[in-house]
>>> print(open('entry11.csv').read())   # CSV, C-alpha atoms
chain,number,residue,atom,x,y,z
R,397,MET,CA,140.8,77.1,187.5
R,398,THR,CA,138.5,74.3,186.5
R,399,VAL,CA,138.2,70.6,187.2
R,400,ILE,CA,138.3,68.8,183.9
R,401,GLY,CA,136.9,65.3,184.1
R,402,TRP,CA,136.4,62.3,181.9
R,403,HIS,CA,132.9,61.0,181.2
R,404,ALA,CA,132.4,57.2,181.4
R,405,SER,CA,129.7,56.2,178.9
R,406,HIS,CA,128.2,52.9,180.1
R,407,GLU,CA,126.0,52.9,177.0
R,408,GLN,CA,129.0,52.6,174.7
R,409,LEU,CA,131.8,50.6,176.4
R,410,HIS,CA,132.0,47.3,178.4
R,411,PRO,CA,132.5,48.1,182.1
R,412,LYS,CA,136.0,46.5,182.0
R,413,ASP,CA,137.0,48.8,179.2
R,414,LEU,CA,135.5,51.8,181.0
R,415,LEU,CA,137.5,51.1,184.1
R,416,THR,CA,140.8,50.7,182.1
R,417,SER,CA,140.0,54.0,180.3
R,418,LEU,CA,139.3,55.7,183.6
R,419,GLN,CA,142.7,54.7,184.9
R,420,HIS,CA,144.3,55.9,181.7
R,421,ALA,CA,142.4,59.2,182.0
R,422,GLU,CA,143.7,59.7,185.5
R,423,GLN,CA,147.3,59.1,184.3
R,424,ALA,CA,146.8,61.6,181.4
R,425,GLY,CA,145.8,64.4,183.7
R,426,PHE,CA,142.0,64.3,184.0
R,427,THR,CA,141.2,65.2,187.6
R,428,ALA,CA,137.7,63.7,188.1
R,429,ALA,CA,135.1,61.5,186.4
R,430,MET,CA,131.4,61.1,186.0
R,431,CYS,CA,129.1,58.5,184.5
R,432,SER,CA,125.6,57.9,183.3
R,433,ASP,CA,123.2,55.5,184.9
R,434,HIS,CA,121.0,53.9,182.2
R,435,PHE,CA,119.3,50.6,181.8
R,436,ALA,CA,119.6,50.7,178.0
R,437,PRO,CA,121.8,52.4,175.4
R,438,TRP,CA,120.6,55.2,173.2
R,439,SER,CA,121.0,53.1,170.0
R,440,GLU,CA,121.6,49.6,168.9
R,441,ARG,CA,125.1,50.6,167.7
R,442,GLN,CA,126.2,51.7,171.1
R,443,GLY,CA,125.5,48.2,172.4
R,444,HIS,CA,126.2,48.3,176.2
R,445,SER,CA,124.6,49.4,179.4
R,446,GLY,CA,126.4,48.2,182.5
R,447,PHE,CA,125.1,48.8,186.0
R,448,ALA,CA,126.6,52.1,187.1
R,449,TRP,CA,126.6,51.4,190.9
R,450,SER,CA,128.6,48.2,190.6
R,451,TRP,CA,131.1,50.1,188.5
R,452,LEU,CA,131.3,53.1,190.8
R,453,GLY,CA,132.7,51.1,193.6
R,454,ALA,CA,135.4,49.6,191.3
R,455,ALA,CA,136.2,53.0,189.8
R,456,LEU,CA,136.7,54.7,193.2
R,457,GLN,CA,138.9,51.8,194.4
R,458,ALA,CA,140.9,51.7,191.2
R,459,THR,CA,141.8,55.4,191.1
R,460,GLU,CA,142.2,58.4,193.4
R,461,LEU,CA,139.7,60.4,191.4
R,462,PRO,CA,136.4,61.8,192.6
R,463,VAL,CA,133.5,60.2,190.6
R,464,GLY,CA,129.9,61.3,190.2
R,465,VAL,CA,126.8,59.8,188.7
R,466,VAL,CA,123.6,61.1,187.1
R,467,ASN,CA,120.7,59.2,188.5
R,468,ALA,CA,116.8,59.3,188.5
R,469,PRO,CA,115.3,58.1,191.8
R,470,GLY,CA,111.6,57.4,192.1
R,471,GLN,CA,110.6,54.7,189.6
R,472,ARG,CA,113.3,52.3,188.5
R,473,TYR,CA,115.1,53.0,191.8
R,474,HIS,CA,113.4,53.5,195.2
R,475,PRO,CA,115.0,56.6,196.8
R,476,ALA,CA,115.9,54.7,200.0
R,477,ILE,CA,118.0,52.3,197.9
R,478,ILE,CA,119.9,55.2,196.2
R,479,ALA,CA,120.4,56.9,199.6
R,480,GLN,CA,121.9,53.6,200.9
R,481,ALA,CA,124.1,53.2,197.8
R,482,ALA,CA,125.3,56.8,198.0
R,483,ALA,CA,125.9,56.6,201.8
R,484,THR,CA,128.0,53.4,201.4
R,485,LEU,CA,130.2,54.9,198.6
R,486,GLU,CA,130.7,58.1,200.5
R,487,ALA,CA,131.5,56.2,203.7
R,488,MET,CA,134.1,54.1,201.9
R,489,PHE,CA,135.6,57.0,199.8
R,490,PRO,CA,135.0,60.2,201.8
R,491,GLY,CA,134.7,63.4,199.7
R,492,ARG,CA,135.0,61.6,196.4
R,493,PHE,CA,131.4,60.8,195.4
R,494,TRP,CA,128.5,63.0,194.2
R,495,ALA,CA,125.1,62.3,192.5
R,496,ALA,CA,123.2,64.5,190.2
R,497,LEU,CA,119.5,63.7,190.4
R,498,GLY,CA,117.0,64.2,187.7
R,499,SER,CA,113.4,63.2,186.7
R,500,GLY,CA,114.6,60.5,184.3
R,501,GLU,CA,113.7,59.2,180.8
R,502,ALA,CA,111.1,56.7,179.7
R,503,MET,CA,113.7,54.5,178.0
R,504,ASN,CA,115.2,53.6,181.4
R,505,GLU,CA,112.1,53.8,183.7
R,506,HIS,CA,109.5,51.9,181.7
R,507,ILE,CA,111.0,48.6,182.7
R,508,THR,CA,109.1,48.7,186.0
R,509,GLY,CA,105.8,48.5,184.1
R,510,ASP,CA,104.5,51.6,185.8
R,511,ALA,CA,103.0,54.4,183.8
R,512,TRP,CA,105.4,57.1,182.7
R,513,PRO,CA,104.2,60.3,184.5
R,514,ARG,CA,103.9,63.7,182.9
R,515,LYS,CA,106.8,66.1,183.6
R,516,GLU,CA,105.2,68.0,186.5
R,517,HIS,CA,104.5,64.8,188.3
R,518,ARG,CA,108.1,63.5,187.6
R,519,ASN,CA,109.4,66.7,189.2
R,520,GLU,CA,107.1,66.3,192.2
R,521,ARG,CA,108.4,62.7,192.5
R,522,LEU,CA,112.0,63.8,192.3
R,523,LEU,CA,111.6,66.4,195.0
R,524,GLU,CA,109.9,63.8,197.3
R,525,SER,CA,112.8,61.4,196.5
R,526,VAL,CA,115.4,64.0,197.4
R,527,THR,CA,113.6,64.9,200.6
R,528,VAL,CA,113.6,61.2,201.6
R,529,MET,CA,117.2,60.8,200.7
R,530,ARG,CA,118.4,63.8,202.7
R,531,SER,CA,116.4,62.7,205.7
R,532,LEU,CA,117.9,59.2,205.6
R,533,LEU,CA,121.4,60.5,205.1
R,534,ALA,CA,120.9,62.7,208.2
R,535,GLY,CA,120.2,59.6,210.2
R,536,HIS,CA,116.4,59.8,210.6
R,537,GLU,CA,113.9,57.0,210.3
R,538,VAL,CA,111.7,57.8,207.4
R,539,SER,CA,108.1,57.0,206.5
R,540,HIS,CA,106.5,58.8,203.6
R,541,GLU,CA,103.4,58.5,201.3
R,542,GLY,CA,103.1,60.3,198.0
R,543,HIS,CA,104.5,59.7,194.6
R,544,VAL,CA,106.9,57.3,196.4
R,545,THR,CA,106.1,55.3,199.6
R,546,VAL,CA,108.6,54.7,202.3
R,547,ASP,CA,108.0,52.6,205.4
R,548,ARG,CA,110.2,53.0,208.5
R,549,ALA,CA,113.5,53.2,206.5
R,550,ARG,CA,116.8,53.9,208.3
R,551,LEU,CA,120.4,53.9,207.1
R,552,TRP,CA,122.6,51.9,209.5
R,553,THR,CA,125.9,52.8,207.7
R,554,ARG,CA,126.3,56.4,207.0
R,555,PRO,CA,129.3,58.7,206.1
R,556,ASP,CA,130.6,61.4,208.4
R,557,ALA,CA,129.0,63.9,206.0
R,558,PRO,CA,126.5,63.3,203.2
R,559,PRO,CA,127.6,63.4,199.6
R,560,PRO,CA,126.5,66.4,197.5
R,561,LEU,CA,123.2,65.9,195.8
R,562,LEU,CA,123.1,68.0,192.7
R,563,ALA,CA,120.3,68.7,190.3
R,564,ALA,CA,120.5,67.4,186.7
R,565,ALA,CA,118.8,70.1,184.6
R,566,VAL,CA,118.8,71.1,180.9
R,567,SER,CA,116.4,74.0,180.9
R,568,ALA,CA,116.5,77.3,182.7
R,569,GLU,CA,113.0,76.6,184.1
R,570,THR,CA,114.1,73.3,185.7
R,571,ALA,CA,117.4,74.9,187.0
R,572,ALA,CA,115.5,77.7,188.8
R,573,TRP,CA,113.1,75.1,190.3
R,574,ALA,CA,115.9,73.0,191.5
R,575,ALA,CA,117.8,75.8,193.2
R,576,GLU,CA,115.7,75.4,196.4
R,577,TRP,CA,117.0,71.8,197.1
R,578,ALA,CA,120.2,71.2,195.1
R,579,ASP,CA,123.8,71.2,196.3
R,580,GLY,CA,124.9,72.2,192.8
R,581,LEU,CA,123.8,72.1,189.2
R,582,ALA,CA,124.8,69.6,186.5
R,583,THR,CA,123.8,70.3,182.9
R,584,VAL,CA,124.8,69.3,179.4
R,585,ASN,CA,126.4,71.4,176.6
R,586,GLN,CA,124.1,73.7,174.6
R,587,SER,CA,124.8,77.0,172.9
R,588,PRO,CA,126.7,79.5,175.1
R,589,ASP,CA,123.6,81.7,175.4
R,590,ALA,CA,121.4,78.8,176.5
R,591,LEU,CA,124.0,77.7,179.1
R,592,ARG,CA,124.2,81.3,180.4
R,593,ASN,CA,120.4,81.3,180.8
R,594,VAL,CA,120.6,78.0,182.7
R,595,VAL,CA,123.3,79.2,185.0
R,596,ASP,CA,121.7,82.6,185.6
R,597,ALA,CA,118.3,81.0,186.4
R,598,TYR,CA,120.0,78.7,188.9
R,599,ARG,CA,122.0,81.4,190.6
R,600,SER,CA,119.3,84.0,190.5
R,601,ALA,CA,117.0,81.6,192.3
R,602,GLY,CA,119.5,81.1,195.1
R,603,GLY,CA,121.2,78.0,193.8
R,604,ARG,CA,124.4,77.1,195.6
R,605,GLY,CA,127.3,74.8,195.0
R,606,ALA,CA,129.3,73.7,192.0
R,607,LEU,CA,128.3,74.2,188.4
R,608,VAL,CA,129.0,71.1,186.4
R,609,LEU,CA,128.9,70.7,182.6
R,610,GLN,CA,129.0,67.6,180.5
R,611,VAL,CA,130.4,68.3,177.0
R,612,HIS,CA,130.2,65.8,174.1
R,613,VAL,CA,133.2,65.9,171.8
R,614,SER,CA,134.3,63.9,168.8
R,615,TYR,CA,138.0,63.8,168.0
R,616,ALA,CA,139.9,61.9,165.3
R,617,ALA,CA,142.7,62.2,162.8
R,618,SER,CA,140.5,64.2,160.3
R,619,ASP,CA,137.4,66.3,160.6
R,620,GLU,CA,135.6,63.9,158.3
R,621,GLU,CA,136.4,60.9,160.5
R,622,ALA,CA,135.4,62.9,163.7
R,623,LEU,CA,132.1,63.8,162.1
R,624,ALA,CA,131.5,60.2,161.0
R,625,ILE,CA,132.1,58.9,164.5
R,626,ALA,CA,129.7,61.4,166.0
R,627,HIS,CA,127.0,60.5,163.4
R,628,ASP,CA,127.4,56.8,164.0
R,629,GLN,CA,127.4,56.9,167.8
R,630,TRP,CA,125.5,60.0,168.8
R,631,ARG,CA,122.9,60.8,166.2
R,632,THR,CA,120.2,59.5,168.5
R,633,ASN,CA,121.1,62.1,171.1
R,634,VAL,CA,120.3,65.3,169.2
R,635,PHE,CA,116.6,65.5,170.2
R,636,SER,CA,115.2,68.1,172.5
R,637,PRO,CA,112.7,67.5,175.3
R,638,PRO,CA,110.1,66.1,175.4
R,639,LEU,CA,111.0,63.6,172.7
R,640,CYS,CA,114.2,62.5,174.4
R,641,TRP,CA,112.3,62.1,177.7
R,642,ASP,CA,109.4,60.1,176.2
R,643,LEU,CA,110.8,57.6,173.7
R,644,ASP,CA,111.1,54.3,175.5
R,645,SER,CA,113.6,52.1,173.6
R,646,ALA,CA,116.9,52.1,171.7
R,647,GLU,CA,114.9,50.9,168.6
R,648,SER,CA,112.6,54.0,168.9
R,649,PHE,CA,115.6,56.3,169.1
R,650,ASP,CA,117.1,54.7,166.0
R,651,ILE,CA,113.9,55.1,164.1
R,652,ALA,CA,113.6,58.8,165.1
R,653,ALA,CA,117.3,59.4,164.1
R,654,SER,CA,117.0,57.8,160.7
R,655,HIS,CA,116.8,61.2,159.0
R,656,VAL,CA,119.5,62.9,161.1
R,657,GLU,CA,122.3,64.1,158.9
R,658,PRO,CA,126.0,64.2,159.9
R,659,GLU,CA,126.0,68.0,160.0
R,660,ASP,CA,123.1,68.0,162.4
R,661,LEU,CA,125.5,66.7,165.1
R,662,ARG,CA,127.5,69.9,165.3
R,663,GLY,CA,124.8,71.4,167.5
R,664,SER,CA,125.2,68.7,170.1
R,665,VAL,CA,128.9,67.7,169.8
R,666,ILE,CA,132.1,69.6,169.4
R,667,VAL,CA,133.5,68.0,166.3
R,668,SER,CA,137.1,68.6,165.2
R,669,SER,CA,140.4,67.0,164.5
R,670,ALA,CA,142.2,70.0,165.9
R,671,THR,CA,142.9,69.9,169.6
R,672,SER,CA,143.4,73.7,169.5
R,673,GLU,CA,139.8,74.1,168.4
R,674,HIS,CA,138.5,71.9,171.2
R,675,ALA,CA,140.6,73.9,173.7
R,676,ASP,CA,139.2,77.2,172.4
R,677,ARG,CA,135.6,75.9,172.5
R,678,LEU,CA,136.0,74.5,176.0
R,679,ALA,CA,137.6,77.7,177.3
R,680,GLU,CA,134.6,79.6,176.1
R,681,LEU,CA,132.3,77.3,178.0
R,682,ILE,CA,134.4,77.4,181.1
R,683,ASP,CA,134.2,81.2,181.0
R,684,ILE,CA,130.5,81.0,181.5
R,685,GLY,CA,131.3,80.0,185.1
R,686,PHE,CA,131.4,76.2,185.3
R,687,ASP,CA,133.5,74.8,188.1
R,688,GLU,CA,133.7,71.3,186.6
R,689,VAL,CA,133.6,70.2,183.0
R,690,TYR,CA,133.4,66.5,182.0
R,691,LEU,CA,134.4,65.5,178.5
R,692,HIS,CA,132.7,62.7,176.7
R,693,HIS,CA,134.4,61.6,173.5
R,694,VAL,CA,131.4,60.0,171.7
R,695,GLY,CA,133.5,57.4,169.9
R,696,ARG,CA,134.0,54.0,171.4
R,697,GLU,CA,137.8,54.1,171.1
R,698,GLN,CA,139.0,56.3,174.0
R,699,ARG,CA,142.8,56.0,174.2
R,700,GLU,CA,143.6,58.3,171.3
R,701,PHE,CA,141.3,60.9,172.6
R,702,ILE,CA,142.6,60.7,176.2
R,703,ASP,CA,146.2,60.9,175.1
R,704,ALA,CA,145.7,63.8,172.7
R,705,PHE,CA,143.6,65.8,175.2
R,706,GLY,CA,145.9,65.0,178.1
R,707,GLU,CA,148.9,66.2,176.1
R,708,ARG,CA,147.5,69.2,174.2
R,709,VAL,CA,144.1,70.3,175.6
R,710,LEU,CA,144.3,70.0,179.4
R,711,PRO,CA,147.5,72.1,179.7
R,712,GLN,CA,145.6,75.0,178.0
R,713,LEU,CA,142.7,75.0,180.4
R,714,SER,CA,144.3,75.6,183.9
R,715,VAL,CA,143.1,72.3,185.2
R,716,THR,CA,142.7,71.9,189.0
R,717,SER,CA,142.2,69.0,191.2
R,718,LYS,CA,138.7,68.8,192.8
R,719,LEU,CA,140.1,67.3,196.0
R,720,SER,CA,143.1,69.6,196.7
R,721,GLY,CA,141.7,72.8,195.0
R,722,GLY,CA,145.2,73.3,193.6
R,723,ALA,CA,146.7,73.1,190.1
R,724,ALA,CA,146.9,69.6,188.8
R,725,ALA,CA,150.3,68.2,188.0
>>> encode(input="entry11.csv", output="structure tokens")
Amino acid sequence: MTVIGWHASHEQLHPKDLLTSLQHAEQAGFTAAMCSDHFAPWSERQGHSGFAWSWLGAALQATELPVGVVNAPGQRYHPAIIAQAAATLEAMFPGRFWAALGSGEAMNEHITGDAWPRKEHRNERLLESVTVMRSLLAGHEVSHEGHVTVDRARLWTRPDAPPPLLAAAVSAETAAWAAEWADGLATVNQSPDALRNVVDAYRSAGGRGALVLQVHVSYAASDEEALAIAHDQWRTNVFSPPLCWDLDSAESFDIAASHVEPEDLRGSVIVSSATSEHADRLAELIDIGFDEVYLHHVGREQREFIDAFGERVLPQLSVTSKLSGGAAA
């Protein structure tokens, strides 16, 4: 049995609309949620980028769902600040918050004016940040000098138990590297073979905890409309690393995507007007071994997707509640 959650895309919806959609997703049978944490959208057409941490408090208060976030500590955010934010949410809503930590993308991090480090230095910075956060969450006073600097930091309000700190990883290489420090693995949909490689690399290296998958889907009344939605909203998200790491603005992504054709989206997004096809594709991904799957409908209109998937997809996927461990109603 698998937790099936709804992904809140801050890049595409106003935070008020995201909150309303989250409440609707809970009513429709989704049993968890996650969100991104960006400073800018991936394209001009998406048009939003609310502050995730403000929204998370509202989301946890407005629903009974567990909610996670993908975050990059170390440049835009000092890791002590993220530790404080995570500690406060977990203290207020025990057992309902998690964070997946990654090395970030230039489009969000360049705003500090600091240089964008090469990948190995970003990974070193991430590991330092995780070490600082864990020590703070354990109640220690922390001083540190390295890629990040910390001077006598201490968390005065802490939860009874720290929230899970997962690794956000796309490649098998990064997944294996993260296994030494992560409480779980969060990744994004690729081909089934590529996902198996990521999962195998993480588990083979001793990785523990939940396996979390974000899946981009596009659903509409016709296949043509579903593909048009995906092309309009998500064509800037088809690029593999390092390009997607290193472009630094929505304008740059729009230029890079100017030659992306609609059919090119099928490698990144499950596109179909048939809920049965979505259910079959998702079942195949779940069988790889994922404990939690978060669905991101890449269109800006969410209600039709939530209603259709709540009625016709979730019942086919043996959805469970993350909090109770039992079958969802």
>>> atom_distance(input="entry11.csv", atom1="CA of Asp556 in chain R", atom2="CA of Met529 in chain R")
15.5 Å
>>> closest_residue(input="entry11.csv", among="R:Ser539, R:Ser669, R:Asn467, R:Ser587", to="Leu562 in chain R", atoms="only C-alpha atoms")
R:Asn467
>>> closest_residue(input="entry11.csv", among="R:Val584, R:Ala626, R:Ala479, R:Ala511", to="Leu561 in chain R", atoms="all atoms listed in the file")
R:Ala479
>>> residues_around(input="entry11.csv", residues="Thr583 in chain R", least_positions_apart="5", cutoff="6 Å", atoms="all atoms listed in the file", output="list of chain:residue names")
R:Ala564, R:Ala565, R:Val566, R:Leu609
>>> atom_distance(input="entry11.csv", atom1="CA of Asn633 in chain R", atom2="CA of Ala646 in chain R")
10.9 Å
>>> residues_around(input="entry11.csv", residues="range 682-692 of chain R", least_positions_apart="6", cutoff="10 Å", atoms="all atoms listed in the file", output="JSON, numbers by chain")
{"R": [397, 398, 399, 400, 401, 402, 403, 404, 405, 426, 427, 428, 429, 430, 431, 581, 582, 583, 584, 585, 588, 589, 591, 592, 595, 596, 605, 606, 607, 608, 609, 610, 611, 612, 613, 614, 665, 676, 698, 701, 702, 705, 713, 715, 716, 717, 718]}
>>> atom_distance(input="entry11.csv", atom1="CA of Lys515 in chain R", atom2="CA of Gly500 in chain R")
9.6 Å
>>> residues_around(input="entry11.csv", residues="Gln457 in chain R", least_positions_apart="6", cutoff="10 Å", atoms="only C-alpha atoms", output="list in words")
Trp451, Met488 and Phe489 of chain R
>>> write_last_selection(input="entry11.csv", atoms="C-alpha atoms", output="PDB file, in the frame of the given file")
ATOM      1  CA  TRP R 451     131.100  50.100 188.500  1.00  0.00           C
ATOM      2  CA  MET R 488     134.100  54.100 201.900  1.00  0.00           C
ATOM      3  CA  PHE R 489     135.600  57.000 199.800  1.00  0.00           C
TER       4      PHE R 489
END
>>> residues_around(input="entry11.csv", residues="range 628-631 of chain R", least_positions_apart="6", cutoff="8 Å", atoms="all atoms listed in the file", output="list in words")
Ser439, Arg441, Gln442, Ala653, Val656, Pro658, Leu661, Val694 and Gly695 of chain R
>>> write_last_selection(input="entry11.csv", atoms="C-alpha atoms", output="PDB file, keeping the file's coordinate frame")
ATOM      1  CA  SER R 439     121.000  53.100 170.000  1.00  0.00           C
ATOM      2  CA  ARG R 441     125.100  50.600 167.700  1.00  0.00           C
ATOM      3  CA  GLN R 442     126.200  51.700 171.100  1.00  0.00           C
ATOM      4  CA  ALA R 653     117.300  59.400 164.100  1.00  0.00           C
ATOM      5  CA  VAL R 656     119.500  62.900 161.100  1.00  0.00           C
ATOM      6  CA  PRO R 658     126.000  64.200 159.900  1.00  0.00           C
ATOM      7  CA  LEU R 661     125.500  66.700 165.100  1.00  0.00           C
ATOM      8  CA  VAL R 694     131.400  60.000 171.700  1.00  0.00           C
ATOM      9  CA  GLY R 695     133.500  57.400 169.900  1.00  0.00           C
TER      10      GLY R 695
END
>>> closest_residue(input="entry11.csv", among="R:Val709, R:Ala597, R:Leu639, R:Ala483", to="Pro555 in chain R", atoms="all atoms listed in the file")
R:Ala483
>>> residues_around(input="entry11.csv", residues="range 540-548 of chain R", least_positions_apart="3", cutoff="12 Å", atoms="all atoms listed in the file", output="ChimeraX atom specification")
/R:469-477,510,513,516-529,531-532,536-537,551
>>> write_last_selection(input="entry11.csv", atoms="C-alpha atoms", output="mmCIF file, keeping the file's coordinate frame")
data_model
loop_
_atom_site.group_PDB
_atom_site.id
_atom_site.type_symbol
_atom_site.label_atom_id
_atom_site.label_comp_id
_atom_site.auth_asym_id
_atom_site.auth_seq_id
_atom_site.Cartn_x
_atom_site.Cartn_y
_atom_site.Cartn_z
ATOM 1 C CA PRO R 469 115.300 58.100 191.800
ATOM 2 C CA GLY R 470 111.600 57.400 192.100
ATOM 3 C CA GLN R 471 110.600 54.700 189.600
ATOM 4 C CA ARG R 472 113.300 52.300 188.500
ATOM 5 C CA TYR R 473 115.100 53.000 191.800
ATOM 6 C CA HIS R 474 113.400 53.500 195.200
ATOM 7 C CA PRO R 475 115.000 56.600 196.800
ATOM 8 C CA ALA R 476 115.900 54.700 200.000
ATOM 9 C CA ILE R 477 118.000 52.300 197.900
ATOM 10 C CA ASP R 510 104.500 51.600 185.800
ATOM 11 C CA PRO R 513 104.200 60.300 184.500
ATOM 12 C CA GLU R 516 105.200 68.000 186.500
ATOM 13 C CA HIS R 517 104.500 64.800 188.300
ATOM 14 C CA ARG R 518 108.100 63.500 187.600
ATOM 15 C CA ASN R 519 109.400 66.700 189.200
ATOM 16 C CA GLU R 520 107.100 66.300 192.200
ATOM 17 C CA ARG R 521 108.400 62.700 192.500
ATOM 18 C CA LEU R 522 112.000 63.800 192.300
ATOM 19 C CA LEU R 523 111.600 66.400 195.000
ATOM 20 C CA GLU R 524 109.900 63.800 197.300
ATOM 21 C CA SER R 525 112.800 61.400 196.500
ATOM 22 C CA VAL R 526 115.400 64.000 197.400
ATOM 23 C CA THR R 527 113.600 64.900 200.600
ATOM 24 C CA VAL R 528 113.600 61.200 201.600
ATOM 25 C CA MET R 529 117.200 60.800 200.700
ATOM 26 C CA SER R 531 116.400 62.700 205.700
ATOM 27 C CA LEU R 532 117.900 59.200 205.600
ATOM 28 C CA HIS R 536 116.400 59.800 210.600
ATOM 29 C CA GLU R 537 113.900 57.000 210.300
ATOM 30 C CA LEU R 551 120.400 53.900 207.100
#
>>> residues_near_point(input="entry11.csv", point="(141.1, 56.4, 163.6)", cutoff="12 Å", atoms="all atoms listed in the file", output="PDB file with C-alpha atoms, keeping the file's coordinate frame")
ATOM      1  CA  SER R 614     134.300  63.900 168.800  1.00  0.00           C
ATOM      2  CA  TYR R 615     138.000  63.800 168.000  1.00  0.00           C
ATOM      3  CA  ALA R 616     139.900  61.900 165.300  1.00  0.00           C
ATOM      4  CA  ALA R 617     142.700  62.200 162.800  1.00  0.00           C
ATOM      5  CA  SER R 618     140.500  64.200 160.300  1.00  0.00           C
ATOM      6  CA  ASP R 619     137.400  66.300 160.600  1.00  0.00           C
ATOM      7  CA  GLU R 620     135.600  63.900 158.300  1.00  0.00           C
ATOM      8  CA  GLU R 621     136.400  60.900 160.500  1.00  0.00           C
ATOM      9  CA  ALA R 622     135.400  62.900 163.700  1.00  0.00           C
ATOM     10  CA  LEU R 623     132.100  63.800 162.100  1.00  0.00           C
ATOM     11  CA  ALA R 624     131.500  60.200 161.000  1.00  0.00           C
ATOM     12  CA  ILE R 625     132.100  58.900 164.500  1.00  0.00           C
ATOM     13  CA  SER R 669     140.400  67.000 164.500  1.00  0.00           C
ATOM     14  CA  GLY R 695     133.500  57.400 169.900  1.00  0.00           C
ATOM     15  CA  ARG R 696     134.000  54.000 171.400  1.00  0.00           C
ATOM     16  CA  GLU R 697     137.800  54.100 171.100  1.00  0.00           C
ATOM     17  CA  GLN R 698     139.000  56.300 174.000  1.00  0.00           C
ATOM     18  CA  ARG R 699     142.800  56.000 174.200  1.00  0.00           C
ATOM     19  CA  GLU R 700     143.600  58.300 171.300  1.00  0.00           C
ATOM     20  CA  PHE R 701     141.300  60.900 172.600  1.00  0.00           C
TER      21      PHE R 701
END
>>> closest_residue(input="entry11.csv", among="R:Glu576, R:Glu647, R:Glu407, R:Asp660", to="Ser432 in chain R", atoms="all atoms listed in the file")
R:Glu407
>>> closest_residue(input="entry11.csv", among="R:Ile666, R:Ala458, R:Leu533, R:Ala575", to="Arg554 in chain R", atoms="all atoms listed in the file")
R:Leu533
>>> closest_residue(input="entry11.csv", among="R:Phe493, R:Phe435, R:Tyr598, R:Trp552", to="Leu456 in chain R", atoms="all atoms listed in the file")
R:Phe493
>>> decode(input="entry11.csv", residues="range 406-417 of chain R", atoms="N, CA and C atoms", output="mmCIF file, in the first residue's frame")
data_model
loop_
_atom_site.group_PDB
_atom_site.id
_atom_site.type_symbol
_atom_site.label_atom_id
_atom_site.label_comp_id
_atom_site.auth_asym_id
_atom_site.auth_seq_id
_atom_site.Cartn_x
_atom_site.Cartn_y
_atom_site.Cartn_z
ATOM 1 N N HIS R 406 4.110 25.898 -6.191
ATOM 2 C CA HIS R 406 4.135 27.329 -5.909
ATOM 3 C C HIS R 406 4.458 28.160 -7.141
ATOM 4 N N GLU R 407 5.106 27.543 -8.128
ATOM 5 C CA GLU R 407 5.480 28.279 -9.328
ATOM 6 C C GLU R 407 4.277 28.568 -10.236
ATOM 7 N N GLN R 408 3.173 27.853 -10.032
ATOM 8 C CA GLN R 408 2.064 27.941 -10.968
ATOM 9 C C GLN R 408 0.782 28.534 -10.396
ATOM 10 N N LEU R 409 0.610 28.463 -9.085
ATOM 11 C CA LEU R 409 -0.641 28.907 -8.484
ATOM 12 C C LEU R 409 -0.377 29.929 -7.380
ATOM 13 N N HIS R 410 -1.311 30.850 -7.232
ATOM 14 C CA HIS R 410 -1.295 31.771 -6.100
ATOM 15 C C HIS R 410 -1.403 30.945 -4.815
ATOM 16 N N PRO R 411 -0.709 31.335 -3.748
ATOM 17 C CA PRO R 411 -0.754 30.534 -2.530
ATOM 18 C C PRO R 411 -2.152 30.334 -1.957
ATOM 19 N N LYS R 412 -3.065 31.278 -2.135
ATOM 20 C CA LYS R 412 -4.443 31.068 -1.696
ATOM 21 C C LYS R 412 -5.091 29.930 -2.475
ATOM 22 N N ASP R 413 -4.863 29.907 -3.779
ATOM 23 C CA ASP R 413 -5.427 28.843 -4.610
ATOM 24 C C ASP R 413 -4.792 27.498 -4.266
ATOM 25 N N LEU R 414 -3.502 27.503 -3.945
ATOM 26 C CA LEU R 414 -2.840 26.264 -3.536
ATOM 27 C C LEU R 414 -3.468 25.712 -2.263
ATOM 28 N N LEU R 415 -3.770 26.583 -1.325
ATOM 29 C CA LEU R 415 -4.341 26.126 -0.063
ATOM 30 C C LEU R 415 -5.741 25.553 -0.271
ATOM 31 N N THR R 416 -6.544 26.233 -1.079
ATOM 32 C CA THR R 416 -7.881 25.728 -1.388
ATOM 33 C C THR R 416 -7.804 24.386 -2.097
ATOM 34 N N SER R 417 -6.868 24.265 -3.033
ATOM 35 C CA SER R 417 -6.704 23.006 -3.767
ATOM 36 C C SER R 417 -6.224 21.890 -2.850
#
